[in-house]
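File shown: entry_5.tsv (TSV, C-alpha atoms and all ligand atoms).
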```
chain	number	residue	atom	x	y	z
A	7	MET	CA	0.00	0.00	0.00
A	8	ARG	CA	1.26	3.51	-0.82
A	9	PRO	CA	2.24	5.56	2.19
A	10	THR	CA	0.34	8.81	1.60
A	11	ALA	CA	-3.26	9.65	2.39
A	12	ALA	CA	-3.88	10.20	-1.30
A	13	THR	CA	-3.02	6.63	-2.13
A	14	GLY	CA	-4.47	4.62	0.66
A	15	SER	CA	-6.85	2.66	-1.51
A	16	SER	CA	-7.48	-1.02	-1.97
A	17	HIS	CA	-6.13	-0.63	-5.54
A	18	ALA	CA	-2.70	-0.02	-4.12
A	19	GLU	CA	-2.91	-3.27	-2.19
A	20	ILE	CA	-3.75	-5.21	-5.32
A	21	VAL	CA	-0.82	-3.66	-7.09
A	22	GLY	CA	1.57	-4.32	-4.26
A	23	ASP	CA	0.55	-7.95	-3.91
A	24	ASP	CA	0.60	-8.54	-7.59
A	25	ALA	CA	3.86	-6.74	-8.17
A	26	HIS	CA	5.79	-8.33	-5.40
A	27	GLY	CA	4.27	-11.71	-5.69
A	28	GLY	CA	5.16	-11.91	-9.37
A	29	GLN	CA	1.95	-13.87	-10.14
A	30	GLY	CA	0.02	-13.13	-13.31
A	31	ALA	CA	-3.64	-13.48	-13.97
A	32	GLY	CA	-3.08	-16.57	-16.03
A	33	ALA	CA	-1.18	-18.29	-13.28
A	34	GLU	CA	-3.91	-17.41	-10.80
A	35	HIS	CA	-6.45	-19.19	-12.90
A	36	GLY	CA	-4.09	-22.15	-12.94
A	37	SER	CA	-5.47	-23.64	-16.13
A	38	GLY	CA	-2.08	-25.08	-16.88
A	39	THR	CA	-2.47	-25.09	-20.68
A	40	GLU	CA	0.65	-25.43	-22.74
A	41	LEU	CA	0.30	-21.90	-24.01
A	42	GLU	CA	0.10	-20.42	-20.55
A	43	GLN	CA	3.09	-22.37	-19.45
A	44	ARG	CA	5.12	-21.27	-22.43
A	45	TYR	CA	4.21	-17.58	-22.10
A	46	ALA	CA	4.08	-17.11	-18.36
A	47	ASN	CA	2.64	-13.80	-17.19
A	48	PRO	CA	5.59	-11.86	-15.80
A	49	GLY	CA	3.32	-9.89	-13.42
A	50	LEU	CA	3.62	-6.20	-12.70
A	51	PRO	CA	6.91	-4.50	-11.95
A	52	ALA	CA	7.36	-3.08	-8.45
A	53	HIS	CA	5.56	0.21	-8.00
A	54	VAL	CA	7.82	3.27	-8.07
A	55	TYR	CA	6.65	6.05	-5.80
A	56	ARG	CA	6.94	9.62	-6.99
A	57	ARG	CA	8.39	12.35	-4.89
A	58	SER	CA	4.97	13.94	-4.51
A	59	ASP	CA	3.65	10.59	-3.16
A	60	VAL	CA	6.02	10.58	-0.24
A	61	ASP	CA	6.81	14.25	0.39
A	62	PRO	CA	3.86	16.52	1.26
A	63	LYS	CA	5.97	19.61	0.49
A	64	ALA	CA	6.71	18.31	-3.02
A	65	ALA	CA	2.99	17.55	-3.47
A	66	LYS	CA	2.15	21.11	-2.48
A	67	ARG	CA	4.73	22.42	-4.97
A	68	ARG	CA	3.22	20.34	-7.77
A	69	GLU	CA	-0.22	21.61	-6.81
A	70	ARG	CA	0.96	25.22	-7.14
A	71	GLU	CA	2.53	24.44	-10.51
A	72	VAL	CA	-0.72	22.94	-11.80
A	73	ALA	CA	-2.69	25.93	-10.52
A	74	ALA	CA	-0.17	28.28	-12.19
A	75	LEU	CA	-0.72	26.53	-15.54
A	76	PHE	CA	-4.50	26.81	-15.22
A	77	GLY	CA	-4.05	30.47	-14.27
A	78	LEU	CA	-1.90	30.94	-17.35
A	79	SER	CA	-4.71	29.44	-19.41
A	80	THR	CA	-7.10	32.02	-17.95
A	81	LEU	CA	-4.66	34.77	-18.94
A	82	GLY	CA	-4.54	33.35	-22.49
A	83	THR	CA	-8.33	33.51	-22.68
A	84	LEU	CA	-8.28	37.09	-21.41
A	85	LEU	CA	-5.67	38.00	-24.03
A	86	PHE	CA	-7.92	36.49	-26.71
A	87	LEU	CA	-10.93	38.47	-25.50
A	88	VAL	CA	-9.01	41.72	-25.25
A	89	ALA	CA	-7.54	41.20	-28.73
A	90	TYR	CA	-10.95	40.35	-30.15
A	91	PHE	CA	-12.67	43.45	-28.80
A	92	ALA	CA	-9.84	46.00	-28.67
A	93	VAL	CA	-7.92	45.38	-31.91
A	94	LYS	CA	-10.60	45.82	-34.55
A	95	PRO	CA	-9.74	46.29	-38.22
A	96	SER	CA	-13.02	48.12	-38.83
A	97	GLY	CA	-12.68	51.87	-39.12
A	98	ALA	CA	-9.19	51.67	-40.65
A	99	GLU	CA	-8.28	51.59	-44.31
A	100	GLY	CA	-5.47	50.47	-46.57
A	101	ALA	CA	-2.13	49.69	-44.93
A	102	GLU	CA	-3.41	50.52	-41.47
A	103	MET	CA	-6.28	48.05	-41.85
A	104	LEU	CA	-3.87	45.32	-43.00
A	105	GLN	CA	-1.62	46.09	-40.05
A	106	ARG	CA	-4.52	45.82	-37.63
A	107	VAL	CA	-5.74	42.57	-39.19
A	108	GLY	CA	-2.21	41.15	-38.83
A	109	LEU	CA	-1.92	42.26	-35.21
A	110	SER	CA	-5.42	41.03	-34.35
A	111	THR	CA	-4.75	37.62	-35.94
A	112	LYS	CA	-1.45	37.22	-34.09
A	113	LEU	CA	-2.91	38.19	-30.71
A	114	LEU	CA	-5.97	35.96	-31.19
A	115	GLY	CA	-3.72	33.03	-32.13
A	116	LEU	CA	-1.39	33.71	-29.21
A	117	GLY	CA	-4.27	33.95	-26.73
A	118	LEU	CA	-5.92	30.80	-28.07
A	119	GLY	CA	-2.60	28.93	-28.10
A	120	ILE	CA	-1.72	29.88	-24.53
A	121	ALA	CA	-5.23	29.10	-23.25
A	122	LEU	CA	-5.37	25.64	-24.81
A	123	PHE	CA	-1.73	24.69	-24.24
A	124	ALA	CA	-1.69	25.76	-20.60
A	125	ILE	CA	-4.92	23.99	-19.71
A	126	GLY	CA	-3.66	20.80	-21.40
A	127	ALA	CA	-0.23	21.06	-19.78
A	128	GLY	CA	-1.85	21.68	-16.39
A	129	ALA	CA	-4.08	18.62	-16.73
A	130	ILE	CA	-1.14	16.41	-17.77
A	131	HIS	CA	1.06	17.73	-14.98
A	132	TRP	CA	-1.73	17.12	-12.48
A	133	ALA	CA	-2.24	13.56	-13.72
A	134	LYS	CA	1.45	12.74	-13.77
A	135	THR	CA	2.43	14.17	-10.42
A	136	LEU	CA	-0.58	14.12	-8.12
A	137	MET	CA	-3.24	11.71	-9.30
A	138	PRO	CA	-2.88	8.07	-8.20
A	139	ASP	CA	-0.70	6.11	-10.64
A	140	ASP	CA	-1.20	2.63	-9.28
A	141	GLU	CA	-0.99	-0.22	-11.78
A	142	VAL	CA	-4.05	-2.44	-11.66
A	143	VAL	CA	-4.86	-5.82	-13.14
A	144	VAL	CA	-8.52	-6.25	-13.99
A	145	ASP	CA	-9.88	-9.50	-15.37
A	146	ARG	CA	-12.03	-9.30	-18.48
A	147	LYS	CA	-15.66	-9.01	-17.48
A	148	PRO	CA	-18.95	-9.85	-19.20
A	149	MET	CA	-20.24	-6.91	-21.31
A	150	ARG	CA	-22.79	-5.89	-18.72
A	151	SER	CA	-21.49	-5.88	-15.22
A	152	SER	CA	-23.60	-7.09	-12.33
A	153	ASP	CA	-25.38	-4.51	-10.24
A	154	GLU	CA	-22.88	-5.06	-7.46
A	155	ASP	CA	-20.00	-4.42	-9.87
A	156	ARG	CA	-21.66	-1.29	-11.18
A	157	ALA	CA	-22.15	0.00	-7.66
A	158	GLU	CA	-18.53	-0.86	-6.99
A	159	ALA	CA	-17.48	1.07	-10.11
A	160	VAL	CA	-19.35	4.15	-8.98
A	161	ALA	CA	-17.71	3.85	-5.59
A	162	ALA	CA	-14.32	3.45	-7.28
A	163	MET	CA	-14.93	6.54	-9.41
A	164	LYS	CA	-15.84	8.52	-6.34
A	165	GLU	CA	-12.76	7.21	-4.66
A	166	GLY	CA	-10.71	8.19	-7.72
A	167	ALA	CA	-12.15	11.69	-7.68
A	168	ALA	CA	-11.32	11.92	-4.01
A	169	GLY	CA	-7.83	10.59	-4.76
A	170	ALA	CA	-7.37	13.21	-7.48
A	171	GLY	CA	-8.07	15.75	-4.80
A	172	LEU	CA	-11.06	17.41	-6.48
A	173	GLY	CA	-12.67	18.04	-3.11
A	174	ARG	CA	-9.55	18.47	-1.08
A	175	ARG	CA	-7.34	20.48	-3.46
A	176	LYS	CA	-9.54	23.49	-3.71
A	177	LEU	CA	-6.84	25.62	-5.32
A	178	ILE	CA	-6.59	23.26	-8.29
A	179	ARG	CA	-10.33	22.73	-8.52
A	180	ASN	CA	-11.12	26.43	-8.45
A	181	SER	CA	-8.38	27.42	-10.88
A	182	LEU	CA	-9.50	24.63	-13.26
A	183	LEU	CA	-13.10	25.83	-13.10
A	184	GLY	CA	-11.87	29.40	-13.65
A	185	ALA	CA	-9.96	28.26	-16.74
A	186	LEU	CA	-12.74	26.04	-18.14
A	187	ALA	CA	-15.63	28.47	-17.64
A	188	PRO	CA	-14.51	31.12	-20.16
A	189	LEU	CA	-13.00	28.55	-22.57
A	190	GLY	CA	-16.31	28.18	-24.41
A	191	LEU	CA	-16.05	31.81	-25.46
A	192	LEU	CA	-13.05	30.91	-27.62
A	193	ALA	CA	-15.32	28.78	-29.78
A	194	ILE	CA	-18.40	31.00	-29.72
A	195	LEU	CA	-16.99	34.50	-30.24
A	196	PRO	CA	-15.34	33.92	-33.63
A	197	LEU	CA	-18.79	32.94	-34.99
A	198	ARG	CA	-19.61	36.66	-34.88
A	199	ASP	CA	-17.15	37.16	-37.71
A	200	LEU	CA	-19.26	35.03	-40.04
A	201	GLY	CA	-21.43	38.10	-40.53
A	202	PRO	CA	-24.74	39.50	-39.40
A	203	LEU	CA	-27.47	37.17	-38.20
A	204	PRO	CA	-29.86	35.89	-40.88
A	205	GLY	CA	-33.19	37.63	-41.01
A	206	ALA	CA	-33.21	41.31	-41.92
A	207	ALA	CA	-29.72	40.75	-43.29
A	208	LEU	CA	-31.14	38.39	-45.92
A	209	THR	CA	-34.24	40.31	-46.85
A	210	GLY	CA	-33.24	43.99	-46.60
A	211	THR	CA	-30.61	46.19	-48.21
A	212	ALA	CA	-29.17	49.62	-47.48
A	213	TRP	CA	-31.78	51.30	-49.69
A	214	LYS	CA	-34.11	53.41	-47.55
A	215	PRO	CA	-36.84	55.88	-48.50
A	216	GLY	CA	-35.30	59.14	-49.70
A	217	ARG	CA	-31.75	57.79	-49.97
A	218	ARG	CA	-29.99	59.23	-53.00
A	219	LEU	CA	-28.63	57.10	-55.81
A	220	VAL	CA	-24.91	57.81	-56.26
A	221	THR	CA	-22.63	56.54	-59.01
A	222	ASP	CA	-20.37	53.60	-58.24
A	223	PRO	CA	-17.48	54.19	-57.60
A	224	THR	CA	-17.36	58.00	-57.77
A	225	GLY	CA	-20.23	58.60	-55.33
A	226	ARG	CA	-21.84	61.39	-57.39
A	227	PRO	CA	-25.61	61.92	-56.98
A	228	ILE	CA	-27.49	61.80	-60.28
A	229	LYS	CA	-30.43	63.63	-61.79
A	230	PRO	CA	-32.78	62.13	-64.40
A	231	GLU	CA	-31.37	64.47	-67.08
A	232	ASP	CA	-27.88	62.99	-66.50
A	233	ILE	CA	-29.00	59.71	-68.10
A	234	PRO	CA	-29.73	59.65	-71.81
A	235	ILE	CA	-32.23	57.15	-73.26
A	236	GLY	CA	-30.36	53.85	-73.56
A	237	GLY	CA	-27.91	54.93	-70.86
A	238	VAL	CA	-26.88	52.66	-67.98
A	239	VAL	CA	-25.45	53.74	-64.62
A	240	HIS	CA	-24.18	51.55	-61.78
A	241	VAL	CA	-25.34	53.03	-58.47
A	242	LEU	CA	-25.21	52.52	-54.72
A	243	PRO	CA	-27.07	54.18	-51.84
A	244	GLU	CA	-25.42	57.40	-50.63
A	245	ASP	CA	-23.25	57.06	-47.48
A	246	ILE	CA	-23.10	53.29	-47.71
A	247	GLU	CA	-19.64	53.37	-46.16
A	248	GLU	CA	-21.21	54.41	-42.87
A	249	TYR	CA	-22.86	51.01	-42.42
A	250	GLU	CA	-21.39	48.55	-39.95
A	251	HIS	CA	-20.53	46.05	-42.70
A	252	PRO	CA	-20.07	48.30	-45.76
A	253	ILE	CA	-18.65	45.58	-47.99
A	254	ASN	CA	-21.64	43.28	-47.37
A	255	GLU	CA	-24.05	46.18	-47.84
A	256	ARG	CA	-22.42	47.24	-51.11
A	257	GLU	CA	-22.75	43.72	-52.47
A	258	LYS	CA	-26.46	43.57	-51.66
A	259	ALA	CA	-27.43	47.10	-52.66
A	260	THR	CA	-25.57	47.32	-55.97
A	261	THR	CA	-28.11	48.46	-58.56
A	262	LEU	CA	-28.35	49.18	-62.28
A	263	VAL	CA	-30.20	52.28	-63.47
A	264	ILE	CA	-31.34	52.18	-67.08
A	265	ARG	CA	-33.22	54.77	-69.07
A	266	LEU	CA	-35.80	53.40	-71.49
A	267	ALA	CA	-38.07	55.31	-73.82
A	268	PRO	CA	-41.26	55.60	-71.67
A	269	ASP	CA	-43.26	53.71	-74.32
A	270	ASP	CA	-40.90	50.74	-74.02
A	271	ILE	CA	-42.04	50.03	-70.49
A	272	LYS	CA	-44.69	47.30	-70.72
A	273	ASP	CA	-45.41	46.53	-67.10
A	274	GLN	CA	-47.69	48.79	-65.00
A	275	LYS	CA	-45.85	48.25	-61.70
A	276	GLN	CA	-42.59	48.86	-63.50
A	277	ARG	CA	-43.97	52.12	-64.87
A	278	ASP	CA	-45.23	53.22	-61.42
A	279	TRP	CA	-41.79	52.65	-59.92
A	280	SER	CA	-39.92	54.52	-62.66
A	281	VAL	CA	-39.11	58.21	-63.23
A	282	ASP	CA	-39.33	59.47	-66.83
A	283	GLY	CA	-38.51	56.01	-68.21
A	284	ILE	CA	-35.70	55.49	-65.71
A	285	VAL	CA	-35.87	52.11	-64.01
A	286	ALA	CA	-33.60	50.60	-61.38
A	287	TYR	CA	-32.96	46.87	-60.86
A	288	SER	CA	-30.79	44.84	-58.51
A	289	LYS	CA	-27.53	43.95	-60.17
A	290	VAL	CA	-27.23	40.68	-58.25
A	291	CYS	CA	-28.23	37.77	-60.49
A	292	THR	CA	-31.09	35.69	-59.12
A	293	HIS	CA	-29.32	32.51	-60.20
A	294	VAL	CA	-26.23	32.36	-57.99
A	295	GLY	CA	-25.45	36.02	-57.46
A	296	CYS	CA	-23.03	37.14	-60.19
A	297	PRO	CA	-23.21	40.82	-61.15
A	298	VAL	CA	-25.57	41.26	-64.08
A	299	GLY	CA	-23.67	43.89	-65.98
A	300	LEU	CA	-24.15	43.49	-69.76
A	301	TYR	CA	-26.94	45.63	-71.22
A	302	GLU	CA	-27.87	45.26	-74.87
A	303	GLN	CA	-29.23	48.65	-75.81
A	304	GLN	CA	-31.07	47.52	-78.95
A	305	THR	CA	-32.90	44.53	-77.48
A	306	HIS	CA	-33.14	45.91	-73.90
A	307	HIS	CA	-31.76	42.65	-72.61
A	308	LEU	CA	-29.62	42.35	-69.51
A	309	LEU	CA	-27.16	39.46	-69.52
A	310	CYS	CA	-25.43	37.71	-66.68
A	311	PRO	CA	-21.93	36.72	-67.79
A	312	CYS	CA	-21.70	33.69	-65.51
A	313	HIS	CA	-24.31	31.34	-66.98
A	314	GLN	CA	-25.95	33.57	-69.57
A	315	SER	CA	-29.24	34.22	-67.79
A	316	THR	CA	-30.99	36.94	-69.79
A	317	PHE	CA	-33.55	39.41	-68.42
A	318	ASP	CA	-35.92	41.55	-70.47
A	319	VAL	CA	-35.81	45.07	-69.03
A	320	THR	CA	-38.98	46.16	-70.85
A	321	ARG	CA	-40.93	43.39	-69.12
A	322	ASP	CA	-39.88	44.07	-65.54
A	323	CYS	CA	-36.63	42.15	-66.00
A	324	ALA	CA	-38.40	38.82	-66.51
A	325	VAL	CA	-36.10	35.87	-67.24
A	326	ILE	CA	-36.17	35.02	-70.94
A	327	PHE	CA	-33.18	32.68	-71.05
A	328	GLY	CA	-30.84	30.80	-68.75
A	329	PRO	CA	-30.93	29.15	-65.34
A	330	ALA	CA	-32.17	32.11	-63.25
A	331	ALA	CA	-35.57	31.28	-61.76
A	332	ARG	CA	-37.05	34.73	-61.20
A	333	SER	CA	-36.93	38.36	-62.29
A	334	LEU	CA	-34.42	40.85	-60.98
A	335	PRO	CA	-36.03	42.84	-58.11
A	336	GLN	CA	-36.94	46.44	-59.03
A	337	LEU	CA	-36.07	49.44	-56.85
A	338	PRO	CA	-38.90	52.01	-56.68
A	339	LEU	CA	-37.57	55.47	-57.66
A	340	ALA	CA	-38.55	59.08	-56.99
A	341	VAL	CA	-36.94	62.53	-57.24
A	342	ASP	CA	-36.09	64.63	-54.18
A	343	ASP	CA	-36.57	68.40	-53.66
A	344	GLU	CA	-33.25	69.15	-55.33
A	345	GLY	CA	-34.08	67.05	-58.38
A	346	TYR	CA	-31.83	64.06	-57.54
A	347	LEU	CA	-32.91	60.47	-58.01
A	348	VAL	CA	-33.72	58.76	-54.71
A	349	ALA	CA	-35.09	55.39	-53.62
A	350	ARG	CA	-38.77	55.53	-52.75
A	351	GLU	CA	-38.29	52.44	-50.56
A	352	ASP	CA	-36.15	49.31	-50.33
A	353	PHE	CA	-36.53	46.39	-52.76
A	354	HIS	CA	-39.80	44.61	-52.05
A	355	GLU	CA	-38.16	41.19	-52.13
A	356	PRO	CA	-34.75	39.77	-51.26
A	357	VAL	CA	-32.05	40.39	-53.83
A	358	GLY	CA	-29.79	37.69	-55.20
A	359	PRO	CA	-30.23	33.93	-55.41
A	360	SER	CA	-33.46	32.37	-54.24
A	361	TYR	CA	-33.27	30.90	-50.78
A	362	TRP	CA	-35.23	28.42	-48.73
A	363	GLU	CA	-38.25	30.57	-47.86
A	364	ARG	CA	-39.06	31.70	-51.36
A	365	GLY	CA	-42.12	30.10	-52.93
B	401	LIG	S1	-25.22	33.67	-61.78
B	401	LIG	FE1	-26.24	34.65	-63.34
B	401	LIG	S2	-26.76	33.10	-64.69
B	401	LIG	FE2	-25.75	32.08	-63.12
```
Could you rewrite the structure in this file as structure tokens?
Ligand code: FES
Amino acid sequence: MRPTAATGSSHAEIVGDDAHGGQGAGAEHGSGTELEQRYANPGLPAHVYRRSDVDPKAAKRREREVAALFGLSTLGTLLFLVAYFAVKPSGAEGAEMLQRVGLSTKLLGLGLGIALFAIGAGAIHWAKTLMPDDEVVVDRKPMRSSDEDRAEAVAAMKEGAAGAGLGRRKLIRNSLLGALAPLGLLAILPLRDLGPLPGAALTGTAWKPGRRLVTDPTGRPIKPEDIPIGGVVHVLPEDIEEYEHPINEREKATTLVIRLAPDDIKDQKQRDWSVDGIVAYSKVCTHVGCPVGLYEQQTHHLLCPCHQSTFDVTRDCAVIFGPAARSLPQLPLAVDDEGYLVAREDFHEPVGPSYWERG
């Protein structure tokens, strides 16, 4: 039996007897087959006690080391959180943005690495230096143990937990809980970077009532007289850069403005949402989202270069060829007090590829 309080279990007795007696399981059964005689079970080697098993001061030192590693893990998690919230690339541009992204990535990686490494190292150090390390021989059992054996197993587990010092070594237990509790944040927080939550983000765009149409990329507001019949202008909502995710918003709100001869407009809704023959349609293809950018002035067809879906602008951008399943959404237009083209409201349906809720 091991000499410390932590190891005073019946397991240690089994080990000691087995180790010193040099008798294997096979010999115990005494079947005496030729095979067993030829390959005699050598038994377990004598148990080697660790310093922390026999010296309470050494055990206390190991305990502090384990707690220090768990504490280090907590610091790693804190570094990750601080880096995630304090070093944001948003708001910066160009070289500064790249610098911030680089710094943020390095600090996040460092924090994550320290948190995971230290908690793993602490657990290994704890197991190797303080938890019972008795060698045990257990005979193979039937698949389902008897109720007595199961009760014995539960008792053994409780004894093991007590041996590991979960109840007694409060410093280790508390520091481990302190390290484990915030660890889940490391997995959850980065999900925020996948983008805004579905919902309004899928159905709405940055177009709002009264928001001016400005040319992409120069940002110049436009008046109806700026666009000749047959003319095409790529536009975005004014001040789109002020949105929280301007790149996402640009991709959703990108719009084509086309001027038709008023008589060429066949659809009543299309006419109601136009200004002097000027119509505006989402530029995001309803097939898989490529930019629909090729306008054939003579036929009034809009072509998507990816898979050749073709939309008839005079018929409310209905699909006349290709794999797209529905028309391009139209943006209702108006003119503001200063004579500039503005959105009357947002698109009435989601832009881009169809998704699961569309009929
Ligand atoms: S994305 Fe436009 S046709 Fe496929």
*ligand LIG 401 (chain B): which residues are within 8 Å, counting only C-alpha atoms and all ligand atoms, as a PyMOL selection string?*
chain A and resi 290-298+309-316+328-330
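Pairwise distance (CA of Gly210 (chain A), CA of Ala340 (chain A)) equals 19.1 Å.
With only C-alpha atoms as the atoms that count, the residue of A:Ala92, A:Leu41, A:Met149, A:Leu183 with the shortest distance to Phe76 (chain A) is A:Leu183.
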Please build the interface table for region 174-246 of chain A against region 119-125 of chain A with a cut-off of 9 Å, listing for each qualifying residue the nearest atom pair and the distance in Å to one decimal; count all atoms listed in the file, order rows by chain and increasing number, and write it as CSV.
```
residue,atom,partner,partner_atom,distance
A:Leu182,CA,A:Ile125,CA,7.9
A:Ala185,CA,A:Ile125,CA,7.2
A:Leu186,CA,A:Ile125,CA,8.2
A:Leu189,CA,A:Ala121,CA,7.8
```
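Within 6 Å of the point (0.8, 18.5, -10.4) in file coordinates, and counting all atoms listed in the file, lie the residues Arg68, Glu69, Val72, His131, Trp132, Thr135 and Leu136 of chain A.
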*asked:* Given the point (-28.3, 57.2, -73.9) in the file's coordinates, find the residues that have an atom at most 10 Å from it, counting only C-alpha atoms, and give them as a PyMOL selection string.
replied: chain A and resi 232-238+264-267+303
Next, the residues of the selection above should be written as a JSON list (two decimals), in the frame of the given file with C-alpha atoms.
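Result went into selection-v9.json, see below:
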```json
[["chain", "number", "residue", "atom", "x", "y", "z"],
["A", 232, "ASP", "CA", -27.88, 62.99, -66.50],
["A", 233, "ILE", "CA", -29.00, 59.71, -68.10],
["A", 234, "PRO", "CA", -29.73, 59.65, -71.81],
["A", 235, "ILE", "CA", -32.23, 57.15, -73.26],
["A", 236, "GLY", "CA", -30.36, 53.85, -73.56],
["A", 237, "GLY", "CA", -27.91, 54.93, -70.86],
["A", 238, "VAL", "CA", -26.88, 52.66, -67.98],
["A", 264, "ILE", "CA", -31.34, 52.18, -67.08],
["A", 265, "ARG", "CA", -33.22, 54.77, -69.07],
["A", 266, "LEU", "CA", -35.80, 53.40, -71.49],
["A", 267, "ALA", "CA", -38.07, 55.31, -73.82],
["A", 303, "GLN", "CA", -29.23, 48.65, -75.81]]
```
*Could you jot down the CA of Asp139 (chain A) to CA of Val60 (chain A) separation for me, Å, one decimal place?*
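Here the two named atoms are 13.2 Å from each other.
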